[in-house]
Amino acid sequence: MTAVERLGAYHLIRALDSGGPDDPQPGQFYMLSSAERWGGGEDERPYLPRAFSYARAREGELSFLLEDIGPGTARLAELRPGEGLDVVGPLGIGWRPPGEGSRPVLVGGGIGTAPLLCLQDELGAGATVLLGFRSAAHAEAAGLFAGEPELATDDGSVGRQALVTDLLREELDADPAATVFACGPPPMLESVRAVCAELAVPAQLALESGMACGFGACFGCVVPTRDGYIRLCVDGPVLDADQLESAL
Ligand SMILES: Cc1cc2nc3c(=O)[nH]c(=O)nc-3n(C[C@H](O)[C@H](O)[C@H](O)COP(=O)(O)OP(=O)(O)OC[C@H]3O[C@@H](n4cnc5c(N)ncnc54)[C@H](O)[C@@H]3O)c2cc1C
Ligand code: FES
């Protein structure tokens with residue numbers, strides 16, 4: 001583990017992964033746990049590793065953006081330089097390139113902006129980036145992107161007081177020759193799916209489900225698709241929107 005920085009409402013973890021591949025694919029994820037004090041002791045809950053999309057990979061260093069929402073993320077957020085971080089990955093199937101002649105539109109909600117950072121690194125700063133956050137403190141994560149993403153916040157403290165899906169609707173109404181790449185909370189993803197289905201715009205959605213193993217063994221992460229249940233950790237986490245009846 002190299003460093004944990006506070007970034008508004010989130011934390012940015014930078015970690016050396018000297019033993020791992022240096023070319024993870026945007027949209028893939030890692031299972032993380034601290035080497036010490038990861039539950040199991042007296043009064044502690046035994047933890048499973050937690051799944052995190054990598055935000056960036058540069059010269060053997062991985063970065064992860066995380067939101068402290070429970071015991072695992074709280075422990076990771078308090079790691080100090082020199083403390084060990086166990087990193088397993090990269091896992092799963094990430095984003096696929098946009099179709100020929102189709103402009104990429106990246107849509108992120110809250111902590112779901114994380115896997116869009118490495119995607120923007122790959123696609124270049126010309127990709128349109130639309131981001132939605134609860135407040136200005138959460139929107140500090142937008143500063144990690146190149147260029148100037150369009151911002152919406154719930155409270156109007158930064159950017160427009162709107163939903164990020166309102167920005168997407170306007171963007172696609174103006175020019176529907178796009179491929180949409182989205183990650184965020186389920187209601188946002190469902191709204192992206194519905195708008196893109198209505199306008200016949202191809203979309204890829206990075207979903208979440210509870211993951212115990214991360215590599216296909218436990219079936220804890222299954223999600224329904226039009227073709228039946230799939231294990232999100234090996235068949236996703238990025239799915240084509242038209243595989244889904246609903247992203248909820
Ligand atoms: C592929 C993938 C990529 C992810 N990438 C990131 C990331 O980049 N940054 C980040 O902060 N988080 C990410 N997450 C979510 C992260 O794994 C969970 O927030 C984490 O497991 C919470 O652990 P905890 O012990 O802190 O809280 P827990 O006690 O495990 O969870 C706290 C609350 O969140 C709910 N919850 C936990 N995990 C999920 C989930 N996967 N889906 C829906 N609800 C859940 C629990 O039911 C509980 O109510 C990702 C999850 C997946 C599956
Ligand atoms: S997390 Fe275990 S099968 Fe997907």
# chains A, B, ... in the order shown; residues from 1 in each chain; ligands from 1
$ select_by_dssp --residues "range 123-237 of chain A" --states "alpha helix (DSSP H)" --output "JSON, numbers by chain"
{"A": [123, 136, 137, 138, 139, 164, 165, 166, 167, 168, 169, 170, 171, 172, 173, 174, 186, 187, 188, 189, 190, 191, 192, 193, 194, 195, 196, 197, 198, 199, 232, 233, 234, 235]}
$ residues_around --residues "Asp121 in chain A" --least-positions-apart "6" --cutoff "10 Å" --atoms "only C-alpha atoms" --output "MDAnalysis selection string"
chainID A and resid 26 55:57 127 145:146
$ closest_residue --among "A:Ser209, A:Val201, A:Ser246, A:Val238" --to "ligand 2" --atoms "only C-alpha atoms and all ligand atoms"
A:Ser209
$ residues_near_ligand --ligand "ligand 1" --cutoff "7 Å" --atoms "only C-alpha atoms and all ligand atoms" --output "list in words"
Phe29, Arg50, Ala51, Phe52, Ser53, Tyr54, Ala55, Phe64, Leu65, Leu66, Glu67, Asp68, Ile69, Gly70, Pro71, Gly72, Thr73, Ala74, Ile111, Gly112, Ala114, Pro115, Leu207, Glu208, Ser209, Gly210, Met211, Cys233 and Pro237 of chain A
$ residues_near_ligand --ligand "ligand 2" --cutoff "10 Å" --atoms "only C-alpha atoms and all ligand atoms" --output "PyMOL selection string"
chain A and resi 31+50-51+92+209-223+230-237
$ write_last_selection --atoms "N, CA, C and O atoms" --output "CSV table (one decimal), in the first residue's frame"
chain,number,residue,atom,x,y,z
A,31,MET,N,-10.3,-7.5,-6.0
A,31,MET,CA,-10.8,-7.8,-4.6
A,31,MET,C,-9.7,-7.3,-3.7
A,31,MET,O,-8.6,-7.7,-3.7
A,50,ARG,N,-13.4,-7.1,-0.5
A,50,ARG,CA,-14.4,-6.3,-1.1
A,50,ARG,C,-14.0,-6.0,-2.6
A,50,ARG,O,-12.8,-5.8,-2.8
A,51,ALA,N,-15.0,-5.8,-3.4
A,51,ALA,CA,-14.8,-5.6,-4.9
A,51,ALA,C,-14.6,-4.1,-5.1
A,51,ALA,O,-15.4,-3.3,-4.6
A,92,GLY,N,-12.9,-10.0,-14.1
A,92,GLY,CA,-14.1,-9.7,-14.9
A,92,GLY,C,-13.8,-9.1,-16.2
A,92,GLY,O,-12.7,-9.1,-16.7
A,209,SER,N,-23.1,-6.1,-7.8
A,209,SER,CA,-23.8,-7.0,-7.0
A,209,SER,C,-22.9,-7.5,-5.9
A,209,SER,O,-21.7,-7.3,-6.0
A,210,GLY,N,-23.4,-8.1,-4.8
A,210,GLY,CA,-22.6,-8.5,-3.7
A,210,GLY,C,-21.6,-9.6,-4.2
A,210,GLY,O,-22.1,-10.6,-4.8
A,211,MET,N,-20.3,-9.4,-4.0
A,211,MET,CA,-19.4,-10.4,-4.5
A,211,MET,C,-18.6,-11.0,-3.4
A,211,MET,O,-17.9,-10.3,-2.7
A,212,ALA,N,-18.7,-12.3,-3.2
A,212,ALA,CA,-17.9,-13.0,-2.1
A,212,ALA,C,-16.5,-13.4,-2.6
A,212,ALA,O,-15.6,-13.3,-1.9
A,213,CYS,N,-16.5,-14.0,-3.8
A,213,CYS,CA,-15.2,-14.5,-4.3
A,213,CYS,C,-14.6,-13.7,-5.4
A,213,CYS,O,-13.4,-13.5,-5.4
A,214,GLY,N,-15.4,-13.3,-6.3
A,214,GLY,CA,-14.8,-12.4,-7.4
A,214,GLY,C,-14.4,-13.2,-8.6
A,214,GLY,O,-14.0,-12.6,-9.6
A,215,PHE,N,-14.4,-14.6,-8.6
A,215,PHE,CA,-13.8,-15.3,-9.7
A,215,PHE,C,-14.7,-16.5,-10.1
A,215,PHE,O,-14.2,-17.5,-10.7
A,216,GLY,N,-16.0,-16.4,-9.8
A,216,GLY,CA,-16.9,-17.4,-10.4
A,216,GLY,C,-17.3,-18.6,-9.5
A,216,GLY,O,-18.0,-19.5,-10.0
A,217,ALA,N,-16.7,-18.7,-8.3
A,217,ALA,CA,-16.9,-19.9,-7.5
A,217,ALA,C,-18.1,-19.9,-6.6
A,217,ALA,O,-18.7,-21.0,-6.4
A,218,CYS,N,-18.6,-18.8,-6.2
A,218,CYS,CA,-19.6,-18.8,-5.1
A,218,CYS,C,-21.1,-18.6,-5.6
A,218,CYS,O,-22.0,-18.9,-4.9
A,219,PHE,N,-21.3,-18.1,-6.8
A,219,PHE,CA,-22.6,-17.8,-7.4
A,219,PHE,C,-23.3,-16.7,-6.5
A,219,PHE,O,-24.5,-16.6,-6.6
A,220,GLY,N,-22.6,-16.0,-5.7
A,220,GLY,CA,-23.2,-14.9,-4.9
A,220,GLY,C,-23.6,-13.7,-5.7
A,220,GLY,O,-24.4,-12.9,-5.2
A,221,CYS,N,-23.1,-13.6,-6.9
A,221,CYS,CA,-23.2,-12.3,-7.6
A,221,CYS,C,-24.2,-12.4,-8.8
A,221,CYS,O,-24.1,-11.5,-9.6
A,222,VAL,N,-25.0,-13.5,-8.9
A,222,VAL,CA,-25.8,-13.7,-10.1
A,222,VAL,C,-26.8,-12.5,-10.3
A,222,VAL,O,-27.4,-12.0,-9.3
A,223,VAL,N,-27.0,-12.1,-11.5
A,223,VAL,CA,-28.0,-11.1,-11.9
A,223,VAL,C,-28.8,-11.7,-13.0
A,223,VAL,O,-28.3,-12.4,-13.9
A,230,ILE,N,-26.7,-14.7,-14.9
A,230,ILE,CA,-25.2,-14.8,-15.2
A,230,ILE,C,-24.5,-14.4,-13.9
A,230,ILE,O,-25.0,-13.7,-13.0
A,231,ARG,N,-23.2,-14.9,-13.8
A,231,ARG,CA,-22.4,-14.4,-12.7
A,231,ARG,C,-21.7,-13.1,-13.1
A,231,ARG,O,-20.9,-13.1,-14.1
A,232,LEU,N,-22.0,-12.1,-12.4
A,232,LEU,CA,-21.5,-10.8,-12.8
A,232,LEU,C,-20.0,-10.7,-12.7
A,232,LEU,O,-19.4,-9.9,-13.4
A,233,CYS,N,-19.4,-11.4,-11.8
A,233,CYS,CA,-17.9,-11.3,-11.6
A,233,CYS,C,-17.2,-11.9,-12.8
A,233,CYS,O,-16.1,-11.4,-13.1
A,234,VAL,N,-17.7,-12.9,-13.5
A,234,VAL,CA,-17.0,-13.4,-14.7
A,234,VAL,C,-17.6,-13.0,-16.0
A,234,VAL,O,-16.9,-12.9,-17.0
A,235,ASP,N,-18.9,-12.8,-16.0
A,235,ASP,CA,-19.6,-12.4,-17.3
A,235,ASP,C,-19.7,-10.8,-17.4
A,235,ASP,O,-20.2,-10.3,-18.4
A,236,GLY,N,-19.4,-10.1,-16.3
A,236,GLY,CA,-19.5,-8.7,-16.2
A,236,GLY,C,-18.2,-8.2,-15.5
A,236,GLY,O,-17.2,-8.9,-15.6
A,237,PRO,N,-18.2,-7.1,-14.8
A,237,PRO,CA,-19.4,-6.3,-14.4
A,237,PRO,C,-20.0,-5.4,-15.5
A,237,PRO,O,-21.0,-4.9,-15.3
$ select_by_dssp --residues "range 176-236 of chain A" --states "strand (DSSP E)" --output "number ranges by chain"
A: 178-183, 203-206, 222-225, 228-231
$ write_last_selection --atoms "N, CA and C atoms" --output "compact mmCIF listing (two decimals), in the first residue's frame"
# COMPACT_ATOMS: atom_id res chain seq x y z
N ALA A 178 -23.92 8.04 -30.75
CA ALA A 178 -23.02 7.89 -29.60
C ALA A 178 -23.05 6.45 -29.08
N THR A 179 -22.02 6.11 -28.33
CA THR A 179 -22.06 4.91 -27.49
C THR A 179 -21.94 5.39 -26.05
N VAL A 180 -22.84 4.93 -25.19
CA VAL A 180 -22.88 5.39 -23.80
C VAL A 180 -22.21 4.34 -22.90
N PHE A 181 -21.37 4.83 -22.00
CA PHE A 181 -20.69 3.98 -21.01
C PHE A 181 -21.11 4.52 -19.64
N ALA A 182 -21.79 3.71 -18.84
CA ALA A 182 -22.35 4.26 -17.60
C ALA A 182 -22.06 3.38 -16.39
N CYS A 183 -21.83 4.05 -15.27
CA CYS A 183 -21.70 3.36 -13.98
C CYS A 183 -22.26 4.27 -12.89
N ALA A 203 -25.48 1.08 -25.36
CA ALA A 203 -24.98 1.46 -24.03
C ALA A 203 -24.36 0.26 -23.35
N GLN A 204 -23.31 0.55 -22.60
CA GLN A 204 -22.70 -0.47 -21.75
C GLN A 204 -22.83 0.01 -20.31
N LEU A 205 -23.28 -0.90 -19.43
CA LEU A 205 -23.54 -0.53 -18.04
C LEU A 205 -22.65 -1.37 -17.12
N ALA A 206 -21.92 -0.70 -16.22
CA ALA A 206 -21.14 -1.43 -15.20
C ALA A 206 -22.03 -1.60 -13.99
N VAL A 222 -24.99 -13.46 -8.86
CA VAL A 222 -25.81 -13.65 -10.06
C VAL A 222 -26.80 -12.51 -10.26
N VAL A 223 -26.99 -12.13 -11.53
CA VAL A 223 -28.01 -11.12 -11.88
C VAL A 223 -28.83 -11.67 -13.05
N PRO A 224 -30.11 -11.28 -13.12
CA PRO A 224 -30.94 -11.77 -14.22
C PRO A 224 -30.67 -10.99 -15.50
N THR A 225 -30.60 -11.70 -16.63
CA THR A 225 -30.52 -11.04 -17.94
C THR A 225 -31.61 -11.64 -18.82
N GLY A 228 -31.19 -15.34 -19.11
CA GLY A 228 -31.07 -16.10 -17.88
C GLY A 228 -30.08 -15.46 -16.92
N TYR A 229 -29.80 -16.17 -15.82
CA TYR A 229 -28.91 -15.62 -14.80
C TYR A 229 -27.45 -15.74 -15.23
N ILE A 230 -26.66 -14.71 -14.93
CA ILE A 230 -25.22 -14.79 -15.18
C ILE A 230 -24.47 -14.42 -13.89
N ARG A 231 -23.22 -14.86 -13.80
CA ARG A 231 -22.37 -14.44 -12.68
C ARG A 231 -21.71 -13.13 -13.09
$ closest_residue --among "A:Asp166, A:Asp155, A:Asp173, A:Glu59" --to "Leu131 in chain A" --atoms "only C-alpha atoms"
A:Asp166
$ decode --residues "range 138-190 of chain A" --atoms "C-alpha atoms" --output "JSON list (two decimals), in the first residue's frame"
[["chain", "number", "residue", "atom", "x", "y", "z"],
["A", 138, "HIS", "CA", -18.70, 14.32, -3.63],
["A", 139, "ALA", "CA", -18.10, 16.27, -6.85],
["A", 140, "GLU", "CA", -14.42, 16.78, -5.94],
["A", 141, "ALA", "CA", -13.88, 13.43, -7.69],
["A", 142, "ALA", "CA", -14.63, 15.22, -10.98],
["A", 143, "GLY", "CA", -11.23, 16.93, -10.65],
["A", 144, "LEU", "CA", -9.55, 13.58, -11.41],
["A", 145, "PHE", "CA", -10.86, 13.69, -15.00],
["A", 146, "ALA", "CA", -9.05, 15.39, -17.86],
["A", 147, "GLY", "CA", -10.76, 18.43, -19.35],
["A", 148, "GLU", "CA", -13.99, 19.76, -17.94],
["A", 149, "PRO", "CA", -16.70, 17.17, -17.33],
["A", 150, "GLU", "CA", -20.29, 18.45, -17.28],
["A", 151, "LEU", "CA", -21.57, 18.30, -13.72],
["A", 152, "ALA", "CA", -24.94, 17.89, -12.07],
["A", 153, "THR", "CA", -25.53, 17.82, -8.31],
["A", 154, "ASP", "CA", -28.62, 16.98, -6.27],
["A", 155, "ASP", "CA", -28.27, 20.18, -4.22],
["A", 156, "GLY", "CA", -27.04, 22.46, -7.02],
["A", 157, "SER", "CA", -23.82, 23.27, -5.11],
["A", 158, "VAL", "CA", -21.70, 22.54, -8.20],
["A", 159, "GLY", "CA", -22.78, 22.42, -11.84],
["A", 160, "ARG", "CA", -26.50, 22.22, -12.60],
["A", 161, "GLN", "CA", -29.11, 21.18, -10.09],
["A", 162, "ALA", "CA", -30.26, 18.21, -12.11],
["A", 163, "LEU", "CA", -29.87, 14.48, -12.52],
["A", 164, "VAL", "CA", -26.98, 13.30, -14.66],
["A", 165, "THR", "CA", -29.55, 11.48, -16.77],
["A", 166, "ASP", "CA", -31.10, 14.89, -17.61],
["A", 167, "LEU", "CA", -27.68, 15.88, -19.03],
["A", 168, "LEU", "CA", -27.54, 12.59, -20.94],
["A", 169, "ARG", "CA", -30.98, 13.12, -22.44],
["A", 170, "GLU", "CA", -29.99, 16.58, -23.74],
["A", 171, "GLU", "CA", -26.67, 15.23, -25.08],
["A", 172, "LEU", "CA", -28.35, 12.40, -27.00],
["A", 173, "ASP", "CA", -31.23, 14.56, -28.25],
["A", 174, "ALA", "CA", -28.59, 16.88, -29.76],
["A", 175, "ASP", "CA", -26.57, 14.04, -31.34],
["A", 176, "PRO", "CA", -27.62, 10.39, -30.93],
["A", 177, "ALA", "CA", -24.62, 8.96, -32.87],
["A", 178, "ALA", "CA", -23.02, 7.89, -29.60],
["A", 179, "THR", "CA", -22.06, 4.91, -27.49],
["A", 180, "VAL", "CA", -22.88, 5.39, -23.80],
["A", 181, "PHE", "CA", -20.69, 3.98, -21.01],
["A", 182, "ALA", "CA", -22.35, 4.26, -17.60],
["A", 183, "CYS", "CA", -21.70, 3.36, -13.98],
["A", 184, "GLY", "CA", -23.62, 4.50, -10.93],
["A", 185, "PRO", "CA", -26.47, 3.56, -8.60],
["A", 186, "PRO", "CA", -29.14, 1.16, -9.95],
["A", 187, "PRO", "CA", -31.89, 3.81, -10.48],
["A", 188, "MET", "CA", -29.45, 5.92, -12.52],
["A", 189, "LEU", "CA", -28.38, 2.91, -14.60],
["A", 190, "GLU", "CA", -32.00, 1.96, -15.18]]
